[in-house]
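Below is one structure, written out as structure tokens; comments come after it.
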Amino acid sequence: MSDLFTTIETPIAKYEQPLGLFINNEFVKGVSGKTFETINPTTEKPITSVYEANEKDVDIAVAAARKAFEGSWSKVTPTERGRMLAKLADLFERDSDILSSIESLDNGKAFVMAKGDVANAAGCLRYYAGYADKIHGQTIDQNSESLTYTRHEPVGVCGQIIPWNFPLLMWSWKIGPAIATGCTVIIKTAEQTPLSGLYAAKLIKEAGFPPGVINIISGFGRVAGAAISSHMDIDKVAFTGSTMVGRTILQAAAKSNLKKVTLELGGKSPNIVFNDADIDNAISWSNFGIFFNHGQCCCAGSRILVQEDIHDQFVARFKERAAKNQLGNPFEMGTFQGPQVSQLQFDRIMEYINHGKQGGATVALGGERHGTEGYFIQPTVFTDVTSDMKIAQEEIFGPVVTIQKFKDEEEAIKIGNDTCYGLAAAVHTKNVNTAIRVSNAIKAGTVWINAYNMISYQAPFGGFKQSGLGRELGSYALENYTQVKTVHYRLGDALFA
Ligand code: NAI
Ligand code: MG
């Protein structure tokens with residue numbers, strides 16, 4: 001066994017884990033030879049170490065992606081691109097147990113949830129495979145002496161920076177539309193969860209992609225991430241992560257080559273429950289809305305707003321429901337909530353919880369660490385919350401929810417919009433008019449009615465306000481990866497002979 005691979009055994013699968021950077025279809029050591037550990041958040045112990053990319057590695061990967069973009073990849077037909085992406089989707093499904101168990105090991109998410117992520121990642125890749133040969137422009141009639149048409153050309157070499165909360169899903173959201181449109185890619189996985197992206201690199205090779213089309217690097221944001229966002233030969237950067245880093249990326253793009261930027265950032269999404277809601281349904285979706293993926297969702301329903309008549313009943317029953325969420329080892333059947341991803345995230349969340357306690361909110365449930373090993377936090381519910389509290393304004397990104405009371409529709413909308421974010425929202429009511437009025441009035445990129453967290457790769461996803469720029473998924477994502485060229489062809493005689 002070389003030091004570029006290691007054998008890993010999970011309760012579900014034993015497999016060969018690549019450790020190198022994936023550039024030009026080969027696993028290589030980084031230029032510096034440095035490695036970093038990735039931690040299993042359930043045990044707090046290292047799983048293995050992977051090679052770390054620095055600026056020079058980014059240069060090498062970009063050169064590979066540029067060469068492929070101008071050369072081999074530009075000669076591959078759209079149909080053939082689609083076939084490769086579809087094959088990649090098939091391979092995701094074939095190796096679903098391995099990929100899912102890597103997610104559970106490295107990220108801490110429950111195995112059944114990870115299976116869902118992998119199925120969705122495969123679905124997303126296959127969805128964009130179908131688009132590969134359907135990218136086209138328009139012909140525009142001006143007069144009998146001109147032929148004018150547009151071409152939707154690939155934007156070029158794309159840098160993609162992804163987070164740790166849905167490693168493979170974010171990988172596929174980014175790679176799907178880029179590859180379908182004929183771009184090439186250098187993608188940086190999050191330093192907390194580098195393993196699944198590298199295993200998927202093996203599948204890229206197997207799916208038949210030419211060298212350099214998709215390059216995958218492990219590394220840190222301040223080094224490899226910064227090198228991507230300021231690179232002079234990257235045409236577009238796509239980022240998912242914190243609003244703070246999103247700003248840095250936009251600045252780096254502006255200061256370097258004005259590369260195009262899409263950002264999918266944080267949220268503080270309101271989940272609004274009216275007096276007339278089906279309360280069982282609302283409780284069930286609200287529980288899923290905040291506690292799914294341990295609260296580590298950009299669109300988490302972290303602010304529940306309940307109309308005053310049902311507030312006390314809702315709180316009592318919501319607490320009962322949340323207390324039933326099973327915490328534990330991600331590989332155990334029945335586990336719903338695993339550990340938070342890292343010590344740092346654990347500490348950040350506990351700090352918010354302490355802030356909430358000291359700031360005058362009431363801990364209705366949880367509020368403490370769960371167990372003694374692993375980064376587990378009890379499902380935590382705060383009541384007696386006001387909009388000016390830090391816990392009602394800032395993204396906590398953990399299993400922590402605030403519940404606020406509102407009088408009427410107008411107040412619900414006011415509190416709902418009282419945030420710098422605008423990623424998602426939900427409205428629970430049996431009244432269709434209320435549902436539509438409120439969903440129109442809330443400033444958010446996605447609104448669910450009588451549901452939560454229903455995300456489909458067929459529908460666009462992204463943020464209003466400081467939750468981001470641009471839309472991912474659906475046909476909308478294709479616009480991020482294409483640029484429009486207008487061609488005027490003169491049919492008649494010269495105008496100024
Ligand atoms: P982060 O924004 O620092 O990390 C996300 C990605 O950006 C990682 O790949 C990281 O390496 C990269 N990155 C970090 N600094 C960079 C830089 N200067 N230039 C280029 N790339 C850089 O997020 P972090 O620290 O992991 O989590 C902090 C908070 O961010 C969370 O508590 C949560 O509020 C938010 N977050 C939101 C996510 C979302 O899905 N929108 C995902 C992850 C975090
Ligand atoms: Mg890890």
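Residues are referred to by chain and number: the chain letter is A, B, ... according to the order shown in the structure tokens, the number counts from 1 in that chain, and ligands are numbered separately from 1 in the order shown.
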At a cut-off of 6 Å around ligand 1, and using only C-alpha atoms and all ligand atoms, what residues come up? Please write them as a list in words. Ile161, Ile162, Pro163, Asn165, Thr189, Ala190, Glu191, Phe220, Gly221, Arg222, Gly225, Ala226, Thr240, Gly241, Ser242, Val245, Ile249, Glu264, Leu265, Gly266, Cys297, Cys298, Glu395, Ile396 and Phe397 of chain A
Include N, CA, C and O atoms and write out the residues we just selected as a tab-separated table (two decimals), in the first residue's frame.
chain	number	residue	atom	x	y	z
A	161	ILE	N	-15.83	25.88	-4.23
A	161	ILE	CA	-15.42	25.72	-2.83
A	161	ILE	C	-16.64	25.27	-2.04
A	161	ILE	O	-17.66	25.97	-2.03
A	162	ILE	N	-16.55	24.11	-1.42
A	162	ILE	CA	-17.75	23.54	-0.79
A	162	ILE	C	-17.56	23.33	0.71
A	162	ILE	O	-16.43	23.23	1.19
A	163	PRO	N	-18.67	23.27	1.45
A	163	PRO	CA	-18.60	23.10	2.90
A	163	PRO	C	-18.71	21.62	3.32
A	163	PRO	O	-18.80	20.73	2.48
A	165	ASN	N	-21.14	20.33	5.50
A	165	ASN	CA	-22.42	19.84	6.03
A	165	ASN	C	-23.10	18.80	5.13
A	165	ASN	O	-23.77	17.89	5.62
A	189	THR	N	-12.71	20.61	-1.42
A	189	THR	CA	-13.62	20.11	-0.39
A	189	THR	C	-13.32	20.83	0.93
A	189	THR	O	-12.30	21.50	1.06
A	190	ALA	N	-14.19	20.66	1.90
A	190	ALA	CA	-13.97	21.30	3.21
A	190	ALA	C	-12.92	20.50	3.99
A	190	ALA	O	-12.87	19.27	3.90
A	191	GLU	N	-12.13	21.21	4.76
A	191	GLU	CA	-11.04	20.55	5.49
A	191	GLU	C	-11.54	19.56	6.54
A	191	GLU	O	-10.83	18.65	6.94
A	220	PHE	N	-7.13	23.92	3.06
A	220	PHE	CA	-7.75	24.91	3.94
A	220	PHE	C	-8.22	26.14	3.17
A	220	PHE	O	-7.68	26.47	2.11
A	221	GLY	N	-9.21	26.79	3.74
A	221	GLY	CA	-9.80	27.95	3.09
A	221	GLY	C	-8.82	29.09	2.87
A	221	GLY	O	-8.74	29.65	1.78
A	222	ARG	N	-8.07	29.42	3.92
A	222	ARG	CA	-7.19	30.58	3.83
A	222	ARG	C	-6.06	30.39	2.83
A	222	ARG	O	-5.47	31.36	2.37
A	225	GLY	N	-8.36	27.78	-0.69
A	225	GLY	CA	-9.60	28.49	-1.04
A	225	GLY	C	-9.30	29.90	-1.53
A	225	GLY	O	-9.83	30.35	-2.55
A	226	ALA	N	-8.41	30.57	-0.80
A	226	ALA	CA	-8.04	31.94	-1.19
A	226	ALA	C	-7.33	31.94	-2.54
A	226	ALA	O	-7.54	32.84	-3.37
A	240	THR	N	-20.14	27.75	-1.41
A	240	THR	CA	-21.16	27.55	-0.40
A	240	THR	C	-20.48	27.56	0.96
A	240	THR	O	-19.49	26.84	1.17
A	241	GLY	N	-20.99	28.38	1.88
A	241	GLY	CA	-20.40	28.44	3.21
A	241	GLY	C	-20.87	29.68	3.95
A	241	GLY	O	-21.99	30.16	3.71
A	242	SER	N	-20.02	30.21	4.80
A	242	SER	CA	-20.44	31.32	5.67
A	242	SER	C	-20.52	32.63	4.90
A	242	SER	O	-19.80	32.84	3.92
A	245	VAL	N	-17.07	34.46	4.78
A	245	VAL	CA	-16.13	34.02	3.74
A	245	VAL	C	-16.66	34.40	2.35
A	245	VAL	O	-15.89	34.75	1.46
A	249	ILE	N	-14.60	36.19	-0.73
A	249	ILE	CA	-14.47	35.63	-2.07
A	249	ILE	C	-14.87	36.66	-3.13
A	249	ILE	O	-14.20	36.82	-4.15
A	264	GLU	N	-23.66	30.82	-2.09
A	264	GLU	CA	-24.80	30.26	-1.38
A	264	GLU	C	-24.41	30.29	0.09
A	264	GLU	O	-23.54	29.54	0.52
A	265	LEU	N	-25.03	31.20	0.85
A	265	LEU	CA	-24.50	31.53	2.18
A	265	LEU	C	-25.46	31.13	3.30
A	265	LEU	O	-26.26	30.22	3.15
A	266	GLY	N	-25.36	31.84	4.38
A	266	GLY	CA	-26.09	31.45	5.58
A	266	GLY	C	-27.56	31.83	5.58
A	266	GLY	O	-28.09	32.38	4.61
A	297	CYS	N	-27.72	23.10	8.56
A	297	CYS	CA	-28.30	23.32	7.23
A	297	CYS	C	-28.39	24.82	7.03
A	297	CYS	O	-28.86	25.54	7.91
A	298	CYS	N	-27.98	25.27	5.84
A	298	CYS	CA	-28.06	26.71	5.58
A	298	CYS	C	-29.51	27.18	5.66
A	298	CYS	O	-29.77	28.31	6.04
A	395	GLU	N	-26.74	33.14	12.73
A	395	GLU	CA	-26.85	31.73	12.36
A	395	GLU	C	-26.08	30.88	13.36
A	395	GLU	O	-24.88	31.08	13.56
A	396	ILE	N	-26.75	29.95	14.01
A	396	ILE	CA	-26.11	29.12	15.04
A	396	ILE	C	-25.55	27.84	14.42
A	396	ILE	O	-24.52	27.34	14.81
A	397	PHE	N	-26.23	27.32	13.44
A	397	PHE	CA	-25.77	26.15	12.69
A	397	PHE	C	-25.59	24.93	13.59
A	397	PHE	O	-24.59	24.21	13.53
At a cut-off of 6 Å around ligand 2, and using only C-alpha atoms and all ligand atoms, what residues come up? Please write them as a list of chain:residue names.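 Using only C-alpha atoms and all ligand atoms, I find these residues within 6 Å of ligand 2: A:Thr38, A:Ile39, A:Asn40, A:Asp106, A:Asn107, A:Gln192, A:Thr193.
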Keeping N, CA, C and O atoms for every residue in the selection just given, could you write it to a file as an mmCIF file, in the first residue's frame?
data_model
loop_
_atom_site.group_PDB
_atom_site.id
_atom_site.type_symbol
_atom_site.label_atom_id
_atom_site.label_comp_id
_atom_site.auth_asym_id
_atom_site.auth_seq_id
_atom_site.Cartn_x
_atom_site.Cartn_y
_atom_site.Cartn_z
ATOM 1 N N THR A 38 -8.030 14.254 9.297
ATOM 2 C CA THR A 38 -9.464 14.465 9.372
ATOM 3 C C THR A 38 -10.012 13.635 10.524
ATOM 4 O O THR A 38 -9.584 12.511 10.771
ATOM 5 N N ILE A 39 -10.933 14.258 11.257
ATOM 6 C CA ILE A 39 -11.385 13.704 12.541
ATOM 7 C C ILE A 39 -12.745 13.036 12.381
ATOM 8 O O ILE A 39 -13.602 13.509 11.632
ATOM 9 N N ASN A 40 -12.934 11.939 13.114
ATOM 10 C CA ASN A 40 -14.251 11.322 13.228
ATOM 11 C C ASN A 40 -14.975 12.018 14.391
ATOM 12 O O ASN A 40 -14.575 11.880 15.544
ATOM 13 N N ASP A 106 -16.911 10.638 8.448
ATOM 14 C CA ASP A 106 -16.128 11.874 8.404
ATOM 15 C C ASP A 106 -16.944 13.080 8.876
ATOM 16 O O ASP A 106 -16.406 14.021 9.449
ATOM 17 N N ASN A 107 -18.252 13.044 8.610
ATOM 18 C CA ASN A 107 -19.115 14.180 8.966
ATOM 19 C C ASN A 107 -19.927 13.913 10.227
ATOM 20 O O ASN A 107 -20.272 14.852 10.942
ATOM 21 N N GLN A 192 -12.809 19.717 6.982
ATOM 22 C CA GLN A 192 -13.379 18.796 7.982
ATOM 23 C C GLN A 192 -13.803 17.475 7.330
ATOM 24 O O GLN A 192 -13.918 16.464 8.015
ATOM 25 N N THR A 193 -14.095 17.502 6.019
ATOM 26 C CA THR A 193 -14.679 16.315 5.365
ATOM 27 C C THR A 193 -14.084 16.076 3.974
ATOM 28 O O THR A 193 -14.784 16.153 2.971
#
Minimum-distance residue to Ala425 in chain A, chosen among A:Leu469, A:Ala441, A:Val31, A:Ile310 (using only C-alpha atoms):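 Among A:Leu469, A:Ala441, A:Val31, A:Ile310, it is A:Ala441 that comes nearest to Ala425 in chain A.
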I need the residues of range 396-482 of chain A that end up classed as alpha helix (DSSP H) by DSSP on the backbone, written out as a VMD selection string. chain A and resid 409 to 416 432 to 441
Can you work out the spacing between CA of Val118 in chain A and CA of Pro41 in chain A in Å, to one decimal?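 Going from CA of Val118 in chain A over to CA of Pro41 in chain A covers 19.8 Å.
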Any idea what the distance is between CA of Tyr128 in chain A and CA of Thr446 in chain A?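 For CA of Tyr128 in chain A relative to CA of Thr446 in chain A, the distance reads 20.9 Å.
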Among range 234-276 of chain A, which ones does DSSP place in strand (DSSP E), written as a list in words?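 Those residues are Lys236, Val237, Ala238, Phe239, Thr240, Lys260, Val261, Thr262, Leu263, Glu264, Pro270, Asn271, Ile272 and Val273 of chain A.
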Rank A:Asn143, A:Asp117, A:Ser284, A:Tyr131 by their smallest atom-to-atom distance to Ser196 in chain A, using only C-alpha atoms, and report the top residue only.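 Going through A:Asn143, A:Asp117, A:Ser284, A:Tyr131 one by one, the smallest distance to Ser196 in chain A is for A:Asp117.
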